Amino acid sequence: MTTPHGASAWSRFSSAFPALLLAQFVLVAGAVINGVAGATWDGNQKWAVAAVAASQAVLVLLRAVPILLLLSLPLLALKRSGLRGIALALLWSVFIALQALLDQYYQVAHVPLGADLFGYNLAEIRTTLADGAPLNPRNLLALMLPLLVLWAGLWWWARRDARGSSLWTTVLLVAGVLLWLAPLPAGAGALKDDAARELACNKLAWFSADVRRWSGDDPQAAPAAASAGSTDEPALDPTFPFLRAEQTLDTLGPHFLPTSDGHRPNVVVIVVEGLGRSFSGPQATLGSFTPFLDDLATRSLYFDNFLANQGRTFGVLPTLFGSAPFAEEGFTALGDRMPAHPGLFNVLGKQGYHTAFYNGTDTAFDNERGYLQLQQVQKIVDMTTFGSGYQRNPFSTWGYPDKELVSRVLADNAQVQTPFAMAIQTISMHTSYQFPGQEAYRTRFEQRLGELRIPETQRAAYRTNADIYSTILYTDDQLRRYFESVARTPWYANTIFLVTGDHRLPEIPMAEHVDRYHVPLIIFSPLLKQSGRIAAVSSQLDVAPSLMALLSNTYGLQRPERTPWLGSGLDMNKGFRNIHQLPLKQTKTSAPEYLADGWWLRDGKVYALQEGMHLALADDAAVLAWVTQRLQRYTQANAIFMRQGALMPDGDEPRLVAYQASTQQTPVAVAAPAAHGLTMESAQLTAAADGVQLLAVFRNGDAKPSRVFVPLAVMASEDGRELQEVYGGALQLPANGSQQVQLRLRQPQDCSGRCYVSVFPSDPDTGKAVGLGRYRLPLDSPAATGSQP
């Protein structure tokens, strides 16, 4: 294509390209500046984040050159230079604006947008976006400045009527084609944590890759993939692969007294939107902003290491009340094809319980209403049936704020019929994190920073998220009001209360991937014999099986003879461990993750789940293969269930029987292989004249030399604040070798009674754990005491 002036459309592309390149750099600079401003991770990474973000932005732009060139050539062939500039500006603005909008989504959600966009219908997307990022001056500038730079550059280019170079256009095209062979995310390995890596990643590349992965998923291919699993396991039932005899042990029963009147206890389950363990409960890593729930925890069975099975709300009702599989995009996404199955509501309803569900938003979202109706819940109160006399949240499209929700629940106290099973689902701890009367809670937030003794140097990062923290305090206050009110009712003494989060809200940056799933579980009741803290790992899939075992064994109800439940019951062990095998799913369209024993599988990599809910990458082929087989077996069973459209033959009317203790534990099909690689053989703290001495023995379990690592010890206060960090020299252990390391820490001055020390082998460059360490070794203050874990 040659113009009358002799310049070709091909050559002109290279002369216009610098305007697009400059706009791309302005775009990524704005995204990084906005992201770093609210970061709670290591701020020293900001230049590394900027470098990785810039390199990825250039890589994505060059990869887009073949497509942009193809679309631009007809526009570049236009005779009038001004018309060429306008046409090219319109086309290239789409490319820049798409990336800017994806960046804006990340600034709000703190997770990149992927194929989960396609897991929601148009009405749900409108509801979600209505409470999105406000168009404040900073957000507006981040959106408009790259476009202004692009338009100014193309205006200057059009006025010059630059001819460009055919050679340079060809070089750009060749580079763009070849760079499809380069991996993304480029340079991300240099960053220390997920929050920094996600900020630096190019959001268009993330979105495109996730959509390709999602669109290429074929659930019907899962059975073939799983056939590579261990032959030591029994074959899955080809019709009802999840169905089994219900033999969940009553692990809760020993902790409960009989009811005062001999009647069956009531059950209240409160699902708190976004409630995460990192900002709620004892030793919360960010400090706890739920003082009432903290007080309630001291009078309850408190599960320190409890997991939601989903990273968004879409899965909480089926997992928590029905211990159900995820299907393809969440169980409720099956719509009218959701198969009947026993769950907490319908099993109790068949035995004389009155069932109710309260929510301040529209239960049509995520098809929650469909699931509740499938579970035969008798009374559903949501935004559409809330009644008069209550104020909608003027700052949010989601519906009624938590204060109004609690008032609505309490209004029905007078006519509550016992026994009953009730669930309450809150909504305020969600974007837009605004509610009437918020100013008073902003003041409470500032007071809370002082109560938690957050150092002044860290408070700016907290204040960036003041709306979120003040909302957490507000919801906690409404839960206080609920419990104080129902404590005066006649049915309170015979009621079992459970409080948990549907997932951890993502808008406050997370230290580790597991944070998204790490939520508290509080089981409170006047029937409890005594309070206690549980360190063992369990998940929401275990709640319904354990509650039914408690109600049938301790209080005389019946439970289903057979169930398709994935959970095996709550583990009440006081020590840290995981005996469960369970799937997790961050979004409707994300690839499933899997936790089996002490191993967590994600994106084809296996991690050791360590005390303190830390994930350490494990370089062990045998472990990776074993956990992959566990995931494949679940995926195969899930695919069979979706193909059959049923979970059990008598899902509508399961046979109910009295509790009968199993004579033997259901065995794990195949035992996990022993851990290899870098591990801690022992760690001991002893008092020293000028501080604390740590003696640690590191072992290499492989038949080859270990990777190079640095022994790292981190001291934290009881509320989770890091106090000091000490590291030794770089080491490499011989095959099957070990070495003792001595580190010295300063005497702790900022502990309230007790501090904790974690010690582990770390990467010399990133400081991240690269092997199995020891976490939360107790250290009393001011004098240290020895501790042999």
# chains A, B, ... in the order shown; residues from 1 in each chain; ligands from 1

$ residues_around --residues "range 158-168 of chain A" --least-positions-apart "4" --cutoff "7 Å" --atoms "only C-alpha atoms" --output "number ranges by chain"
A: 7, 10-15, 81-82, 85, 154, 172

$ residues_around --residues "range 238-247 of chain A" --least-positions-apart "2" --cutoff "10 Å" --atoms "only C-alpha atoms" --output "PyMOL selection string"
chain A and resi 235-236+249-250+324-325+545+549+559-566+568-569+633-634+636-641+643-649+657+659-666

$ closest_residue --among "A:Arg197, A:Leu20, A:Leu656, A:Pro254" --to "Leu150 in chain A" --atoms "only C-alpha atoms"
A:Leu20

$ closest_atom_pairs --of "range 447-533 of chain A" --to "range 599-623 of chain A" --cutoff "12 Å" --atoms "only C-alpha atoms" --output "Markdown table"
| residue | atom | partner | partner_atom | distance |
| --- | --- | --- | --- | --- |
| A:Ala511 | CA | A:His614 | CA | 9.6 |
| A:Glu512 | CA | A:His614 | CA | 7.3 |
| A:His513 | CA | A:Leu615 | CA | 8.0 |
| A:Val514 | CA | A:Met613 | CA | 7.1 |
| A:Asp515 | CA | A:Met613 | CA | 8.2 |
| A:Arg516 | CA | A:Met613 | CA | 11.3 |
| A:Tyr517 | CA | A:Met613 | CA | 10.3 |
| A:His518 | CA | A:Met613 | CA | 8.1 |
| A:Val519 | CA | A:Met613 | CA | 11.1 |

$ select_by_dssp --residues "range 23-69 of chain A" --states "alpha helix (DSSP H)" --output "PyMOL selection string"
chain A and resi 23-37+46-69

$ residues_around --residues "Pro318 in chain A" --least-positions-apart "6" --cutoff "12 Å" --atoms "only C-alpha atoms" --output "MDAnalysis selection string"
chainID A and resid 308:310 324:327 330:334 338:345 366:372 374:375 502 540:544 565:567

$ residues_around --residues "range 744-748 of chain A" --least-positions-apart "5" --cutoff "6 Å" --atoms "only C-alpha atoms" --output "number ranges by chain"
A: 691-693

$ select_by_dssp --residues "range 596-734 of chain A" --states "strand (DSSP E)" --output "PyMOL selection string"
chain A and resi 596+599-602+605-610+614-617+656-658+678-688+691-700+710-717+722-727

$ residues_around --residues "Leu143 in chain A" --least-positions-apart "2" --cutoff "12 Å" --atoms "only C-alpha atoms" --output "count of residues only"
35

$ residues_around --residues "Gly737 in chain A" --least-positions-apart "6" --cutoff "10 Å" --atoms "only C-alpha atoms" --output "PyMOL selection string"
chain A and resi 678+698-706

$ write_last_selection --atoms "N, CA, C and O atoms" --output "mmCIF file, in the first residue's frame"
data_model
loop_
_atom_site.group_PDB
_atom_site.id
_atom_site.type_symbol
_atom_site.label_atom_id
_atom_site.label_comp_id
_atom_site.auth_asym_id
_atom_site.auth_seq_id
_atom_site.Cartn_x
_atom_site.Cartn_y
_atom_site.Cartn_z
ATOM 1 N N LEU A 678 14.783 -29.815 51.669
ATOM 2 C CA LEU A 678 15.259 -29.116 52.861
ATOM 3 C C LEU A 678 14.207 -29.139 53.958
ATOM 4 O O LEU A 678 13.058 -28.756 53.731
ATOM 5 N N PHE A 698 19.380 -28.119 60.129
ATOM 6 C CA PHE A 698 18.776 -28.240 58.808
ATOM 7 C C PHE A 698 19.230 -29.553 58.179
ATOM 8 O O PHE A 698 20.405 -29.931 58.291
ATOM 9 N N ARG A 699 18.296 -30.232 57.501
ATOM 10 C CA ARG A 699 18.625 -31.513 56.870
ATOM 11 C C ARG A 699 18.207 -31.497 55.413
ATOM 12 O O ARG A 699 17.159 -30.951 55.049
ATOM 13 N N ASN A 700 19.044 -32.127 54.577
ATOM 14 C CA ASN A 700 18.732 -32.328 53.161
ATOM 15 C C ASN A 700 18.349 -33.790 52.958
ATOM 16 O O ASN A 700 19.177 -34.682 53.133
ATOM 17 N N GLY A 701 17.091 -34.065 52.604
ATOM 18 C CA GLY A 701 16.626 -35.437 52.434
ATOM 19 C C GLY A 701 16.809 -35.989 51.044
ATOM 20 O O GLY A 701 16.392 -37.115 50.763
ATOM 21 N N ASP A 702 17.411 -35.221 50.145
ATOM 22 C CA ASP A 702 17.586 -35.678 48.763
ATOM 23 C C ASP A 702 18.926 -36.382 48.576
ATOM 24 O O ASP A 702 19.881 -36.158 49.332
ATOM 25 N N ALA A 703 18.978 -37.180 47.524
ATOM 26 C CA ALA A 703 20.212 -37.894 47.193
ATOM 27 C C ALA A 703 21.108 -37.058 46.287
ATOM 28 O O ALA A 703 21.906 -37.602 45.518
ATOM 29 N N LYS A 704 20.965 -35.757 46.356
ATOM 30 C CA LYS A 704 21.806 -34.823 45.614
ATOM 31 C C LYS A 704 21.979 -33.584 46.478
ATOM 32 O O LYS A 704 21.197 -33.361 47.416
ATOM 33 N N PRO A 705 22.981 -32.756 46.226
ATOM 34 C CA PRO A 705 23.173 -31.560 47.043
ATOM 35 C C PRO A 705 21.936 -30.669 47.023
ATOM 36 O O PRO A 705 21.215 -30.590 46.024
ATOM 37 N N SER A 706 21.684 -29.993 48.135
ATOM 38 C CA SER A 706 20.522 -29.114 48.235
ATOM 39 C C SER A 706 20.748 -27.836 47.436
ATOM 40 O O SER A 706 21.875 -27.537 47.017
#

$ closest_residue --among "A:Ser470, A:Thr384, A:Gln56, A:Gln438" --to "Leu179 in chain A" --atoms "only C-alpha atoms"
A:Gln56

$ residues_around --residues "range 484-492 of chain A" --least-positions-apart "4" --cutoff "12 Å" --atoms "only C-alpha atoms" --output "ChimeraX atom specification"
/A:259-261,263-268,292,296,406-407,409-420,477-480,496-497,524-527

$ closest_residue --among "A:Gly335, A:Pro66, A:Gly387, A:Pro112" --to "Gln373 in chain A" --atoms "only C-alpha atoms"
A:Gly335

$ closest_residue --among "A:Thr587, A:Ser288, A:Gln724, A:Gln283" --to "Asp304 in chain A" --atoms "only C-alpha atoms"
A:Gln283
